[in-house]
>>> print(open('data05.tsv').read())   # TSV, C-alpha atoms
chain	number	residue	atom	x	y	z
O	1	MET	CA	152.35	93.22	107.83
O	2	GLN	CA	150.57	96.35	106.66
O	3	LEU	CA	149.20	96.60	103.14
O	4	PHE	CA	149.63	99.76	101.08
O	5	PRO	CA	147.55	100.29	97.91
O	6	CYS	CA	149.69	100.88	94.82
O	7	PRO	CA	147.39	102.65	92.31
O	8	PHE	CA	148.48	100.18	89.63
O	9	CYS	CA	149.30	96.90	91.42
O	10	GLY	CA	146.72	97.06	94.20
O	11	PRO	CA	147.39	96.03	97.82
O	12	ARG	CA	151.00	95.05	98.50
O	13	SER	CA	153.16	94.65	101.57
O	14	GLU	CA	154.50	97.88	103.05
O	15	SER	CA	158.02	96.48	102.65
O	16	GLU	CA	157.69	96.99	98.87
O	17	PHE	CA	157.30	100.75	99.24
O	18	HIS	CA	159.70	103.65	99.72
O	19	PHE	CA	158.76	106.94	101.34
O	20	GLY	CA	159.14	109.95	99.05
O	21	GLY	CA	158.39	112.86	101.35
O	22	ASP	CA	155.52	115.26	101.96
O	23	ALA	CA	153.18	115.85	99.05
O	24	GLY	CA	153.18	119.46	97.91
O	25	ASN	CA	156.84	120.09	98.80
O	26	HIS	CA	157.59	121.97	95.58
O	27	ARG	CA	161.16	122.65	94.56
O	28	PRO	CA	161.84	126.40	94.79
O	29	GLU	CA	162.13	128.04	91.38
O	30	GLY	CA	164.47	130.87	90.57
O	31	PHE	CA	167.98	129.49	91.26
O	32	ARG	CA	169.98	132.47	92.68
O	33	ASP	CA	166.86	134.27	93.84
O	34	VAL	CA	166.00	131.43	96.20
O	35	THR	CA	166.97	132.28	99.76
O	36	ASP	CA	168.82	129.99	102.14
O	37	SER	CA	165.74	129.67	104.31
O	38	GLU	CA	163.64	128.61	101.30
O	39	TRP	CA	166.19	125.93	100.37
O	40	THR	CA	166.36	124.80	103.98
O	41	ALA	CA	162.59	124.51	104.16
O	42	TYR	CA	162.49	122.52	100.92
O	43	LEU	CA	165.32	120.17	101.80
O	44	TYR	CA	164.99	119.61	105.55
O	45	GLU	CA	161.73	120.79	107.06
O	46	ARG	CA	159.09	118.07	107.16
O	47	ASN	CA	155.43	118.33	108.13
O	48	ASN	CA	155.57	115.29	110.45
O	49	PRO	CA	151.85	115.54	111.23
O	50	ARG	CA	150.03	113.67	113.96
O	51	GLY	CA	146.98	112.21	112.26
O	52	ALA	CA	146.06	112.79	108.61
O	53	ALA	CA	149.11	112.87	106.33
O	54	ASN	CA	149.46	113.53	102.61
O	55	GLU	CA	152.60	111.89	101.26
O	56	ILE	CA	154.49	110.76	98.16
O	57	TRP	CA	155.44	107.07	98.01
O	58	MET	CA	157.12	104.83	95.45
O	59	HIS	CA	156.23	101.20	94.81
O	60	MET	CA	159.63	99.62	94.28
O	61	ALA	CA	158.24	96.60	92.39
O	62	CYS	CA	156.63	98.48	89.50
O	63	GLY	CA	158.25	101.89	89.94
O	64	GLU	CA	154.95	103.72	90.37
O	65	VAL	CA	155.29	107.05	92.20
O	66	PHE	CA	152.02	108.13	93.76
O	67	ARG	CA	150.31	110.22	96.42
O	68	MET	CA	148.86	108.53	99.47
O	69	GLU	CA	146.63	109.84	102.21
O	70	ARG	CA	147.05	107.98	105.48
O	71	ASP	CA	146.82	108.47	109.21
O	72	THR	CA	150.05	108.44	111.21
O	73	VAL	CA	148.26	107.56	114.45
O	74	ASP	CA	146.12	104.55	113.54
O	75	HIS	CA	148.04	103.70	110.29
O	76	ARG	CA	144.81	103.60	108.33
O	77	VAL	CA	145.31	104.32	104.63
O	78	ALA	CA	142.50	106.49	103.26
O	79	GLN	CA	143.37	106.40	99.57
O	80	SER	CA	146.17	106.48	97.02
O	81	PHE	CA	146.23	108.51	93.83
O	82	VAL	CA	148.06	108.36	90.52
O	83	LEU	CA	150.06	111.57	90.19
O	84	GLY	CA	148.21	113.94	87.90
O	85	GLU	CA	144.91	112.16	88.55
O	86	GLY	CA	142.66	112.41	91.58
O	87	GLY	CA	144.40	115.53	92.79
O	88	ASP	CA	147.55	117.48	92.09
O	89	ASN	CA	150.97	116.16	91.20
O	90	GLY	CA	152.02	116.16	94.84
O	91	GLY	CA	154.90	118.51	94.18
O	92	MET	CA	156.62	116.01	91.90
O	93	ALA	CA	156.43	118.11	88.72
W	94	MET	CA	195.02	88.09	102.08
W	95	LEU	CA	191.29	88.16	102.72
W	96	ASP	CA	189.48	86.18	100.03
W	97	ILE	CA	186.05	87.77	99.88
W	98	ALA	CA	185.02	85.53	96.99
W	99	GLY	CA	185.09	82.63	99.44
W	100	LYS	CA	182.04	84.04	101.18
W	101	TRP	CA	179.84	83.04	98.29
W	102	GLN	CA	179.47	79.65	96.73
W	103	ALA	CA	180.17	79.29	93.02
W	104	GLU	CA	177.22	79.57	90.64
W	105	PRO	CA	175.96	76.16	89.56
W	106	ASP	CA	176.09	74.95	85.97
W	107	TRP	CA	172.66	76.26	85.02
W	108	ALA	CA	172.22	73.74	82.22
W	109	SER	CA	172.25	70.85	84.67
W	110	ALA	CA	171.25	72.53	87.95
W	111	ARG	CA	168.26	70.80	89.57
W	112	LEU	CA	166.67	70.87	93.01
W	113	GLU	CA	164.13	68.18	93.82
W	114	GLY	CA	161.89	67.84	96.84
W	115	ARG	CA	158.94	65.60	97.51
W	116	THR	CA	156.45	68.10	96.03
W	117	LEU	CA	158.63	70.54	94.11
W	118	ARG	CA	161.33	70.63	91.45
W	119	VAL	CA	163.29	73.74	90.45
W	120	SER	CA	165.53	74.23	87.44
W	121	ALA	CA	166.89	77.06	85.29
W	122	VAL	CA	165.67	77.76	81.77
W	123	SER	CA	168.29	78.92	79.28
W	124	GLU	CA	168.23	80.35	75.78
W	125	ILE	CA	164.99	82.21	76.09
W	126	VAL	CA	164.45	85.54	74.32
W	127	GLN	CA	163.45	88.26	76.79
W	128	ARG	CA	162.65	91.83	75.76
W	129	LEU	CA	161.40	94.90	77.56
W	130	ILE	CA	158.67	97.05	76.01
W	131	SER	CA	158.27	100.56	77.43
W	132	GLY	CA	155.63	103.10	76.44
W	133	ASP	CA	152.22	102.49	74.87
W	134	VAL	CA	152.00	98.82	75.82
W	135	GLU	CA	148.32	98.45	74.86
W	136	ARG	CA	149.12	99.45	71.30
W	137	PHE	CA	152.07	97.07	71.25
W	138	LEU	CA	149.93	94.16	72.45
W	139	ALA	CA	147.26	94.83	69.82
W	140	ARG	CA	149.77	95.23	67.02
W	141	HIS	CA	151.73	92.07	67.74
W	142	ASP	CA	148.86	89.75	68.50
W	143	LEU	CA	150.13	88.80	71.96
W	144	GLY	CA	146.71	88.68	73.59
W	145	ARG	CA	146.31	89.94	77.11
W	146	ASP	CA	149.32	90.58	79.28
W	147	VAL	CA	149.87	88.37	82.31
W	148	GLY	CA	149.99	89.79	85.86
W	149	ALA	CA	151.11	88.39	89.20
W	150	LEU	CA	150.64	84.59	89.27
W	151	GLY	CA	148.73	84.90	85.98
W	152	LEU	CA	148.79	82.03	83.51
W	153	ALA	CA	150.99	82.46	80.42
W	154	LEU	CA	150.54	80.01	77.56
W	155	GLY	CA	152.92	78.95	74.79
W	156	GLU	CA	156.39	80.27	74.06
W	157	ARG	CA	155.36	83.78	73.07
W	158	TYR	CA	153.62	86.00	75.61
W	159	ALA	CA	153.76	89.30	77.50
W	160	VAL	CA	154.07	89.85	81.25
W	161	ARG	CA	153.09	93.18	82.82
W	162	ILE	CA	155.75	94.57	85.14
W	163	ALA	CA	154.66	98.23	85.43
W	164	ARG	CA	151.93	100.58	84.23
W	165	ASP	CA	153.90	101.29	81.04
W	166	ARG	CA	156.24	98.29	80.80
W	167	LEU	CA	156.07	94.68	79.62
W	168	LEU	CA	158.50	91.79	79.66
W	169	VAL	CA	157.90	89.95	76.39
W	170	ILE	CA	159.05	86.38	75.92
W	171	GLY	CA	159.71	84.82	72.53
W	172	LEU	CA	159.65	87.95	70.38
W	173	SER	CA	162.70	87.73	68.12
W	174	ALA	CA	164.90	90.63	67.08
W	175	ALA	CA	164.19	89.70	63.45
W	176	GLU	CA	160.51	90.33	64.11
W	177	LEU	CA	161.03	93.69	65.77
W	178	THR	CA	164.28	95.58	66.23
W	179	ASP	CA	165.54	97.23	69.40
W	180	GLY	CA	165.04	100.97	69.80
W	181	TRP	CA	162.24	103.47	69.58
W	182	HIS	CA	159.23	102.72	67.38
W	183	ASP	CA	156.94	105.49	66.13
W	184	GLU	CA	153.88	103.56	67.32
W	185	GLY	CA	154.81	104.84	70.79
W	186	TYR	CA	157.02	102.25	72.45
W	187	ALA	CA	160.68	101.37	72.89
W	188	ILE	CA	162.14	97.85	72.82
W	189	SER	CA	165.26	96.60	74.62
W	190	THR	CA	166.62	93.06	74.51
W	191	VAL	CA	167.37	91.85	78.05
W	192	SER	CA	167.89	88.12	77.48
W	193	SER	CA	171.26	88.21	79.22
W	194	ALA	CA	170.07	90.45	82.05
W	195	LEU	CA	167.51	88.11	83.58
W	196	ARG	CA	167.82	84.48	84.66
W	197	LEU	CA	164.66	82.37	84.43
W	198	PHE	CA	163.81	79.68	86.99
W	199	GLU	CA	160.99	77.18	86.73
W	200	ALA	CA	159.35	75.49	89.71
W	201	ARG	CA	157.02	72.53	89.13
W	202	GLY	CA	154.78	70.51	91.36
W	203	GLU	CA	152.08	70.79	93.95
W	204	GLY	CA	154.48	72.52	96.34
W	205	ILE	CA	154.29	75.75	94.34
W	206	ARG	CA	151.78	77.30	96.72
W	207	ALA	CA	154.01	76.51	99.71
W	208	LEU	CA	156.97	78.00	97.84
W	209	LEU	CA	155.00	81.18	97.15
W	210	GLY	CA	154.10	81.36	100.83
W	211	ARG	CA	157.79	81.34	101.74
W	212	ALA	CA	159.10	83.54	98.93
W	213	THR	CA	156.46	86.26	98.58
W	214	THR	CA	153.89	88.30	100.46
W	215	ILE	CA	151.37	88.17	97.61
W	216	ASP	CA	147.88	86.81	98.27
W	217	PRO	CA	147.61	83.86	95.83
W	218	ASP	CA	143.82	84.14	95.86
W	219	ASN	CA	143.86	87.87	95.12
W	220	PRO	CA	146.90	88.59	92.95
W	221	SER	CA	147.60	91.81	91.08
W	222	PRO	CA	147.85	93.07	87.48
W	223	CYS	CA	151.60	93.47	87.91
W	224	ALA	CA	153.92	90.44	88.00
W	225	ALA	CA	156.86	92.30	89.58
W	226	MET	CA	157.26	91.46	93.26
W	227	PRO	CA	159.89	90.54	95.85
W	228	PHE	CA	160.66	86.81	95.66
W	229	GLY	CA	162.96	85.24	98.23
W	230	GLY	CA	164.18	88.68	99.25
W	231	VAL	CA	165.02	90.02	95.78
W	232	MET	CA	162.86	91.65	93.13
W	233	GLY	CA	161.51	89.18	90.60
W	234	ILE	CA	158.84	88.70	87.94
W	235	VAL	CA	156.52	85.85	88.92
W	236	TYR	CA	153.74	84.09	87.00
W	237	ARG	CA	152.45	80.62	86.12
W	238	HIS	CA	153.12	78.95	82.79
W	239	GLY	CA	151.81	76.12	80.66
W	240	ASP	CA	149.42	73.84	82.49
W	241	GLY	CA	149.44	76.08	85.56
W	242	GLU	CA	151.62	73.68	87.54
W	243	ILE	CA	154.73	75.59	86.51
W	244	LEU	CA	155.84	78.76	88.27
W	245	ARG	CA	158.24	80.96	86.33
W	246	VAL	CA	160.49	83.45	88.12
W	247	HIS	CA	162.70	85.93	86.29
W	248	ILE	CA	165.45	87.40	88.42
W	249	GLU	CA	168.38	89.70	87.74
W	250	ARG	CA	171.23	87.55	86.50
W	251	GLY	CA	173.62	88.79	89.17
W	252	LEU	CA	171.22	87.64	91.90
W	253	ALA	CA	170.60	84.17	90.45
W	254	GLY	CA	173.34	82.54	92.51
W	255	TYR	CA	171.89	84.01	95.70
W	256	LEU	CA	168.36	82.86	94.84
W	257	TRP	CA	169.60	79.35	94.06
W	258	GLU	CA	171.24	79.22	97.48
W	259	TRP	CA	167.95	80.47	98.97
W	260	PHE	CA	166.11	77.64	97.20
W	261	GLU	CA	168.62	75.12	98.57
W	262	CYS	CA	167.93	76.30	102.13
W	263	GLN	CA	164.16	75.78	101.92
W	264	PRO	CA	162.58	72.93	103.91
W	265	LEU	CA	160.61	72.06	100.77
W	266	PHE	CA	163.82	70.52	99.46
W	267	SER	CA	165.18	69.06	102.66
W	268	GLN	CA	162.16	67.12	103.96
W	269	GLU	CA	163.13	63.86	102.31
>>> encode(input="data05.tsv", output="structure tokens")
Amino acid sequence: MQLFPCPFCGPRSESEFHFGGDAGNHRPEGFRDVTDSEWTAYLYERNNPRGAANEIWMHMACGEVFRMERDTVDHRVAQSFVLGEGGDNGGMA
Amino acid sequence: MLDIAGKWQAEPDWASARLEGRTLRVSAVSEIVQRLISGDVERFLARHDLGRDVGALGLALGERYAVRIARDRLLVIGLSAAELTDGWHDEGYAISTVSSALRLFEARGEGIRALLGRATTIDPDNPSPCAAMPFGGVMGIVYRHGDGEILRVHIERGLAGYLWEWFECQPLFSQE
């Protein structure tokens, strides 16, 4: 069992968390002015990095949505941040 | 015709439902007032003299207390509607009565730690400020009550029958 750090609850089992996508994946603004390729990039294209990753996660127990920095190779979690604190809003605004 | 209802056993009569093992007893608690507070929970706690909120496996005392279930949300027990009405309050919080939404189970006895080991992934020696956690495979609100030998578990009412069946399957109740 791997532990993920919820910024509010502290370390909890990974099974309590839900992946929310890449941090910084901002929804395109402008409605009709947004091109198909911009929508495609927003909806389907993922960073899928090898190594350091910057991601949005949700803790299903308390509902906290937060940003987490972790490594996809060794699964080490560097840190988690409350959205709006300790960094940007992760593209959630 | 396929009778899907036959796949599940009927809910027990909660007023008389009991499970007893050598080190553990479980029963349901009825007629308890449960309310959700959302918003500025620190201000709510100060204003209504509820003391500190209780987190995971924390110890709640008496019949009137608050349990933390999220950064901005409390489950408050024993706060009557006459004392504070449902809805938005200008102090910065909203109140919803959820007495019928959650079923409360109580487990008593020295087997509580073994039960926690089977039902949760929480570290009992290093719990958390938030009492919401998976319990027996479903999301629950878990803390200790009274003399500390009582474990209280609030669970969505619709899942209570499942959790009771889960309790029945535990070796803690069959090693007699």
>>> residues_around(input="data05.tsv", residues="His238 of chain W", least_positions_apart="3", cutoff="6 Å", atoms="all atoms listed in the file", output="VMD selection string")
chain W and resid 152 to 154 241 243
>>> atom_distance(input="data05.tsv", atom1="atom CA of Ser192 of chain W", atom2="atom CA of Val122 of chain W")
11.4 Å
>>> closest_residue(input="data05.tsv", among="O:Arg27, O:His59, O:Arg50, O:Arg70", to="chain W", atoms="only C-alpha atoms")
O:His59
>>> interface_residues(input="data05.tsv", of="chain O", to="chain W", cutoff="6 Å", atoms="all atoms listed in the file", output="mmCIF file with C-alpha atoms, in the frame of the given file")
data_model
loop_
_atom_site.group_PDB
_atom_site.id
_atom_site.type_symbol
_atom_site.label_atom_id
_atom_site.label_comp_id
_atom_site.auth_asym_id
_atom_site.auth_seq_id
_atom_site.Cartn_x
_atom_site.Cartn_y
_atom_site.Cartn_z
ATOM 1 C CA CYS O 9 149.300 96.900 91.420
ATOM 2 C CA ALA O 61 158.240 96.600 92.390
ATOM 3 C CA CYS O 62 156.630 98.480 89.500
#
>>> closest_residue(input="data05.tsv", among="W:Phe137, W:Tyr158, W:Phe198, W:Trp101", to="Leu244 of chain W", atoms="all atoms listed in the file")
W:Phe198
>>> atom_distance(input="data05.tsv", atom1="atom CA of Val169 of chain W", atom2="atom CA of Val126 of chain W")
8.2 Å
>>> residues_around(input="data05.tsv", residues="Arg111 of chain W", least_positions_apart="2", cutoff="8 Å", atoms="only C-alpha atoms", output="list in words")
Ser109, Glu113, Arg118, Val119, Ser120 and Ala121 of chain W
>>> closest_residue(input="data05.tsv", among="O:Asp33, O:Asp22, O:Val77, O:Pro11", to="Glu45 of chain O", atoms="only C-alpha atoms")
O:Asp22
>>> residues_around(input="data05.tsv", residues="segment 264-267 of chain W", least_positions_apart="4", cutoff="9 Å", atoms="only C-alpha atoms", output="list in words")
Leu112, Glu113, Gly114, Arg115, Thr116, Leu117, Arg118, Gly204, Ala207, Leu208 and Phe260 of chain W
>>> atom_distance(input="data05.tsv", atom1="atom CA of Val246 of chain W", atom2="atom CA of Glu203 of chain W")
16.3 Å
>>> closest_residue(input="data05.tsv", among="W:Trp257, W:Glu104, W:Leu129, W:Cys262", to="Leu197 of chain W", atoms="all atoms listed in the file")
W:Trp257
>>> closest_residue(input="data05.tsv", among="W:Ala212, W:Leu256, W:Leu167, W:Val134", to="Thr190 of chain W", atoms="only C-alpha atoms")
W:Leu167
>>> closest_residue(input="data05.tsv", among="O:Tyr42, O:Met68, O:Glu16, O:Ala53", to="Pro28 of chain O", atoms="all atoms listed in the file")
O:Tyr42
>>> decode(input="data05.tsv", residues="segment 4-77 of chain O", atoms="C-alpha atoms", output="PDB file, in the first residue's frame")
ATOM      1  CA  PHE O   4      -0.437   9.769  -0.443  1.00  0.00           C
ATOM      2  CA  PRO O   5      -0.408  12.982   1.621  1.00  0.00           C
ATOM      3  CA  CYS O   6      -3.765  14.776   1.617  1.00  0.00           C
ATOM      4  CA  PRO O   7      -2.986  18.413   2.550  1.00  0.00           C
ATOM      5  CA  PHE O   8      -5.779  18.297   5.141  1.00  0.00           C
ATOM      6  CA  CYS O   9      -5.997  14.682   6.368  1.00  0.00           C
ATOM      7  CA  GLY O  10      -2.328  13.740   6.161  1.00  0.00           C
ATOM      8  CA  PRO O  11      -1.037  10.366   4.927  1.00  0.00           C
ATOM      9  CA  ARG O  12      -3.774   8.053   3.638  1.00  0.00           C
ATOM     10  CA  SER O  13      -3.892   4.950   1.481  1.00  0.00           C
ATOM     11  CA  GLU O  14      -3.631   5.565  -2.260  1.00  0.00           C
ATOM     12  CA  SER O  15      -6.954   3.751  -2.674  1.00  0.00           C
ATOM     13  CA  GLU O  16      -8.695   6.785  -1.139  1.00  0.00           C
ATOM     14  CA  PHE O  17      -7.539   9.085  -3.939  1.00  0.00           C
ATOM     15  CA  HIS O  18      -8.752   9.806  -7.457  1.00  0.00           C
ATOM     16  CA  PHE O  19      -6.542  11.125 -10.239  1.00  0.00           C
ATOM     17  CA  GLY O  20      -7.625  14.504 -11.593  1.00  0.00           C
ATOM     18  CA  GLY O  21      -5.253  15.049 -14.495  1.00  0.00           C
ATOM     19  CA  ASP O  22      -2.171  17.136 -15.226  1.00  0.00           C
ATOM     20  CA  ALA O  23      -1.777  20.312 -13.196  1.00  0.00           C
ATOM     21  CA  GLY O  24      -1.815  23.411 -15.369  1.00  0.00           C
ATOM     22  CA  ASN O  25      -4.197  21.976 -17.978  1.00  0.00           C
ATOM     23  CA  HIS O  26      -6.278  25.141 -18.226  1.00  0.00           C
ATOM     24  CA  ARG O  27      -9.646  25.076 -19.940  1.00  0.00           C
ATOM     25  CA  PRO O  28      -9.452  27.104 -23.170  1.00  0.00           C
ATOM     26  CA  GLU O  29     -11.303  30.407 -22.934  1.00  0.00           C
ATOM     27  CA  GLY O  30     -13.194  31.996 -25.780  1.00  0.00           C
ATOM     28  CA  PHE O  31     -15.895  29.453 -26.724  1.00  0.00           C
ATOM     29  CA  ARG O  32     -16.252  29.719 -30.559  1.00  0.00           C
ATOM     30  CA  ASP O  33     -12.759  31.126 -30.976  1.00  0.00           C
ATOM     31  CA  VAL O  34     -11.219  27.963 -29.552  1.00  0.00           C
ATOM     32  CA  THR O  35      -9.897  25.742 -32.311  1.00  0.00           C
ATOM     33  CA  ASP O  36     -10.464  22.005 -32.588  1.00  0.00           C
ATOM     34  CA  SER O  37      -6.805  21.345 -31.913  1.00  0.00           C
ATOM     35  CA  GLU O  38      -6.935  23.436 -28.716  1.00  0.00           C
ATOM     36  CA  TRP O  39      -9.979  21.493 -27.486  1.00  0.00           C
ATOM     37  CA  THR O  40      -8.304  18.227 -28.413  1.00  0.00           C
ATOM     38  CA  ALA O  41      -5.175  19.188 -26.502  1.00  0.00           C
ATOM     39  CA  TYR O  42      -7.224  20.170 -23.444  1.00  0.00           C
ATOM     40  CA  LEU O  43      -9.438  17.102 -23.436  1.00  0.00           C
ATOM     41  CA  TYR O  44      -7.177  14.277 -24.611  1.00  0.00           C
ATOM     42  CA  GLU O  45      -3.488  15.097 -24.667  1.00  0.00           C
ATOM     43  CA  ARG O  46      -1.730  14.160 -21.441  1.00  0.00           C
ATOM     44  CA  ASN O  47       1.831  14.895 -20.363  1.00  0.00           C
ATOM     45  CA  ASN O  48       2.500  11.303 -19.240  1.00  0.00           C
ATOM     46  CA  PRO O  49       6.005  12.176 -18.043  1.00  0.00           C
ATOM     47  CA  ARG O  50       8.694   9.710 -17.068  1.00  0.00           C
ATOM     48  CA  GLY O  51       9.993  10.970 -13.742  1.00  0.00           C
ATOM     49  CA  ALA O  52       8.814  14.161 -12.034  1.00  0.00           C
ATOM     50  CA  ALA O  53       5.079  14.749 -12.465  1.00  0.00           C
ATOM     51  CA  ASN O  54       2.843  17.620 -11.376  1.00  0.00           C
ATOM     52  CA  GLU O  55      -0.740  16.442 -11.001  1.00  0.00           C
ATOM     53  CA  ILE O  56      -4.185  17.212  -9.592  1.00  0.00           C
ATOM     54  CA  TRP O  57      -5.657  14.621  -7.215  1.00  0.00           C
ATOM     55  CA  MET O  58      -8.819  14.374  -5.131  1.00  0.00           C
ATOM     56  CA  HIS O  59      -9.054  12.781  -1.697  1.00  0.00           C
ATOM     57  CA  MET O  60     -12.389  10.989  -1.871  1.00  0.00           C
ATOM     58  CA  ALA O  61     -12.796  10.812   1.929  1.00  0.00           C
ATOM     59  CA  CYS O  62     -12.774  14.551   2.638  1.00  0.00           C
ATOM     60  CA  GLY O  63     -13.290  15.895  -0.883  1.00  0.00           C
ATOM     61  CA  GLU O  64     -10.049  17.883  -0.896  1.00  0.00           C
ATOM     62  CA  VAL O  65      -8.763  18.654  -4.410  1.00  0.00           C
ATOM     63  CA  PHE O  66      -5.045  19.377  -4.408  1.00  0.00           C
ATOM     64  CA  ARG O  67      -1.833  19.470  -6.409  1.00  0.00           C
ATOM     65  CA  MET O  68       0.758  16.767  -5.894  1.00  0.00           C
ATOM     66  CA  GLU O  69       4.318  16.477  -7.103  1.00  0.00           C
ATOM     67  CA  ARG O  70       5.476  12.894  -7.433  1.00  0.00           C
ATOM     68  CA  ASP O  71       7.815  10.719  -9.443  1.00  0.00           C
ATOM     69  CA  THR O  72       6.284   8.235 -11.875  1.00  0.00           C
ATOM     70  CA  VAL O  73       9.398   6.039 -11.892  1.00  0.00           C
ATOM     71  CA  ASP O  74      10.137   5.454  -8.207  1.00  0.00           C
ATOM     72  CA  HIS O  75       6.624   6.491  -6.957  1.00  0.00           C
ATOM     73  CA  ARG O  76       8.159   8.865  -4.439  1.00  0.00           C
ATOM     74  CA  VAL O  77       5.812  11.711  -3.488  1.00  0.00           C
TER      75      VAL O  77
END
